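Asker: Structure below; questions to follow.
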Amino acid sequence: MRFGNARQCIHDAFATHVTTPDRLEAGGTRYNSNAAVAHQAEAGLVLKAVLEQKPHLRGICIFINAPDGWARESDIAAMKIRIWSDFVKKGDVEPRVQGEIVAILDRILLNYRRRCHNPSLGDVYLGSDMADALNRSEQSYTTVIAQHQSRMMNIIQRHDLTALQPIWQVVNEYRDKQYAEREAACAG
């Protein structure tokens with residue numbers, strides 16, 4: 001397992017059945033049981049850091065970074081409840097607009113996930129798509145909904161960054177350990 005960054009580690013830890021057990025083999029066809037055991041042990045450290053978080057953080061961590069299908073319904077529900085709670089708690093949003101934001105919440109989450117994976121691809125759902133989903137004109141969407149959507153994205157980002165902290169701790173500890181081992185090998 002490469003310990004490049006927290007997002008990649010989460011993905012690789014949940015996708016252990018997909019990745020090659022031999023990191024040295026470029027084609028990924030040779031089976032190396034030692035590498036497979038090491039990969040599973042490293043993945044276990046990351047999985048532990050993800051799964052020991054509060055349900056809403058665990059949900060956002062898995063939903064955004066793991067391959068599709070790994071997030072449990074209860075974690076997704078906890079994530080959405082917490083995001084929605086933060087949204088309505090800190091803003092005076094009229095009930096109709098709240099309903100419209102709820103209607104597009106899944107699309108907002110998918111756009112955020114897409115931005116995390118590959119920002120150069122842009123959003124999955126553009127403003128025109130959101131306006132169509134809400135049966136609004138693009139102008140009406142831009143003036144009424146877009147600012148609330150932006151605020152929702154900021155809330156998601158805040159929780160996402162919080163959820164990544166324990167994984168970054170694992171990544172940094174692993175890097176420090178590798179660095180110390182290299183230094184000891186060079187000195188000895």
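As shown in the structure tokens, the chain order sets the letters A, B, ...; within each chain, residues go from 1, and ligands are also counted from 1 in the order they appear.
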Can I get the residues of region 41-86 of chain A within 12 Å of region 149-153 of chain A, each with the closest pair of atoms and their distance in Å to one decimal, using only C-alpha atoms, sorted chain first then ascending number, as a tab-separated table?

Answerer:
residue	atom	partner	partner_atom	distance
A:Lys80	CA	A:Met152	CA	11.0
A:Arg82	CA	A:Met152	CA	11.4
A:Ile83	CA	A:Met152	CA	7.7
A:Trp84	CA	A:Met152	CA	8.3
A:Ser85	CA	A:Met152	CA	10.7
A:Asp86	CA	A:Met152	CA	8.8

Asker: Could you give me, as a list of chain:residue names, the residues within 7 Å of region 48-62 of chain A, counting only C-alpha atoms and dropping anything in the same chain fewer than 2 positions from it?

Answerer: A:Gly44, A:Leu45, A:Val46, A:Ile64, A:Asn65, A:Ala66, A:Trp70, A:Ala71, A:Asp75, A:Ile76, A:Ala78, A:Met79, A:Arg82, A:His159, A:Asp160, A:Ala163, A:Leu164, A:Pro166, A:Ile167

Asker: At a cut-off of 8 Å, can you tabulate as a tab-separated table every residue of region 98-133 of chain A near region 141-144 of chain A together with its closest atom pair and the distance in Å to one decimal, using only C-alpha atoms and ordering rows by chain then number?

Answerer:
residue	atom	partner	partner_atom	distance
A:Gly127	CA	A:Tyr141	CA	7.4
A:Met130	CA	A:Tyr141	CA	7.6
A:Ala131	CA	A:Tyr141	CA	5.5

Asker: Env of Leu126 (chain A): 12 Å cut, atoms = only C-alpha atoms, seq-sep filter 5 positions within chain, self excluded. Answer as a list in words.

Answerer: Ile104, Arg107, Ile108, Leu110, Asn111, Leu121, Ala131, Asp132, Ala133, Glu138, Tyr141, Thr142, Ala146 and Gln149 of chain A

Asker: Would you output that residue set with N, CA and C atoms, as an mmCIF file, in the first residue's frame?

Answerer:
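For reference, selection_10.cif as written:
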data_model
loop_
_atom_site.group_PDB
_atom_site.id
_atom_site.type_symbol
_atom_site.label_atom_id
_atom_site.label_comp_id
_atom_site.auth_asym_id
_atom_site.auth_seq_id
_atom_site.Cartn_x
_atom_site.Cartn_y
_atom_site.Cartn_z
ATOM 1 N N ILE A 104 -31.925 18.398 -3.655
ATOM 2 C CA ILE A 104 -30.685 18.280 -4.437
ATOM 3 C C ILE A 104 -29.480 17.895 -3.574
ATOM 4 N N ARG A 107 -27.163 15.306 -5.013
ATOM 5 C CA ARG A 107 -26.395 15.839 -6.141
ATOM 6 C C ARG A 107 -25.253 16.730 -5.649
ATOM 7 N N ILE A 108 -25.504 17.469 -4.593
ATOM 8 C CA ILE A 108 -24.448 18.302 -4.009
ATOM 9 C C ILE A 108 -23.327 17.410 -3.477
ATOM 10 N N LEU A 110 -22.577 14.372 -4.498
ATOM 11 C CA LEU A 110 -21.877 13.772 -5.633
ATOM 12 C C LEU A 110 -20.939 14.772 -6.300
ATOM 13 N N ASN A 111 -21.366 16.029 -6.395
ATOM 14 C CA ASN A 111 -20.473 17.059 -6.937
ATOM 15 C C ASN A 111 -19.242 17.230 -6.058
ATOM 16 N N LEU A 121 -12.328 17.531 -13.927
ATOM 17 C CA LEU A 121 -13.509 17.066 -14.663
ATOM 18 C C LEU A 121 -14.719 17.961 -14.448
ATOM 19 N N ALA A 131 -31.116 23.441 -11.720
ATOM 20 C CA ALA A 131 -32.302 24.253 -12.001
ATOM 21 C C ALA A 131 -33.422 23.387 -12.575
ATOM 22 N N ASP A 132 -33.075 22.486 -13.495
ATOM 23 C CA ASP A 132 -34.071 21.574 -14.065
ATOM 24 C C ASP A 132 -34.670 20.673 -12.990
ATOM 25 N N ALA A 133 -33.834 20.161 -12.109
ATOM 26 C CA ALA A 133 -34.321 19.274 -11.049
ATOM 27 C C ALA A 133 -35.293 20.001 -10.123
ATOM 28 N N GLU A 138 -32.598 29.002 -14.803
ATOM 29 C CA GLU A 138 -31.195 29.102 -14.374
ATOM 30 C C GLU A 138 -30.953 30.385 -13.598
ATOM 31 N N TYR A 141 -32.347 29.912 -10.143
ATOM 32 C CA TYR A 141 -31.458 29.011 -9.414
ATOM 33 C C TYR A 141 -30.219 29.770 -8.934
ATOM 34 N N THR A 142 -29.617 30.550 -9.824
ATOM 35 C CA THR A 142 -28.396 31.278 -9.492
ATOM 36 C C THR A 142 -28.619 32.294 -8.388
ATOM 37 N N ALA A 146 -28.096 28.900 -5.493
ATOM 38 C CA ALA A 146 -26.648 28.697 -5.613
ATOM 39 C C ALA A 146 -25.883 29.098 -4.356
ATOM 40 N N GLN A 149 -26.349 26.389 -1.858
ATOM 41 C CA GLN A 149 -25.606 25.218 -2.294
ATOM 42 C C GLN A 149 -24.123 25.391 -1.963
#

Asker: A:Glu73, A:Glu100, A:Asp106, A:Glu173: which is nearest Glu42 (chain A), counting only C-alpha atoms?

Answerer: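 Of all the options, A:Glu173 lies closest to Glu42 (chain A).
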
Asker: I'd like the neighbourhood of His11 (chain A) as a list of chain:residue names, where a residue qualifies if any of its atoms comes within 7 Å (using only C-alpha atoms), though same-chain residues fewer than 2 positions away should be ignored.

Answerer: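 Within the cut-off, the hits are A:Arg7, A:Gln8, A:Cys9, A:Ala13, A:Phe14, A:Ala15, A:Asn65, A:Ala66, A:Pro67.
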
Asker: By how many Å are CA of Phe3 (chain A) and CA of Val171 (chain A) apart?

Answerer: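 Between CA of Phe3 (chain A) and CA of Val171 (chain A) the gap is 5.7 Å.
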
Asker: Find, counting only C-alpha atoms, the residue in A:Ala187, A:Ala103, A:Ile156, A:Val170 that gets nearest to Arg115 (chain A).

Answerer: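 Among the listed residues, the smallest separation from Arg115 (chain A) belongs to A:Ile156.
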
Asker: Out of A:Val97, A:Val102, A:Thr16, A:Cys186, which residue has the shortest atom-to-atom distance to Ser140 (chain A) when counting only C-alpha atoms?

Answerer: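 Of the candidates, the smallest distance to Ser140 (chain A) is held by A:Val97.
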
Asker: Using only C-alpha atoms, find the one residue out of A:Gln98, A:Met1, A:Lys90, A:Ala6 that sits nearest to Ala35 (chain A).

Answerer: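 Under the stated criterion, the closest residue is A:Met1.
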
Asker: For Val88 (chain A), which residue out of A:Ala38, A:Ala43, A:Cys116, A:Ile155 is the nearest one, using only C-alpha atoms?

Answerer: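 Residue with the minimum atom-to-atom distance to Val88 (chain A): A:Ile155.
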
Asker: With distances taken over only C-alpha atoms, which of A:Leu134, A:Gly91, A:Asn5, A:His117 is nearest to Gln169 (chain A)?

Answerer: A:Asn5
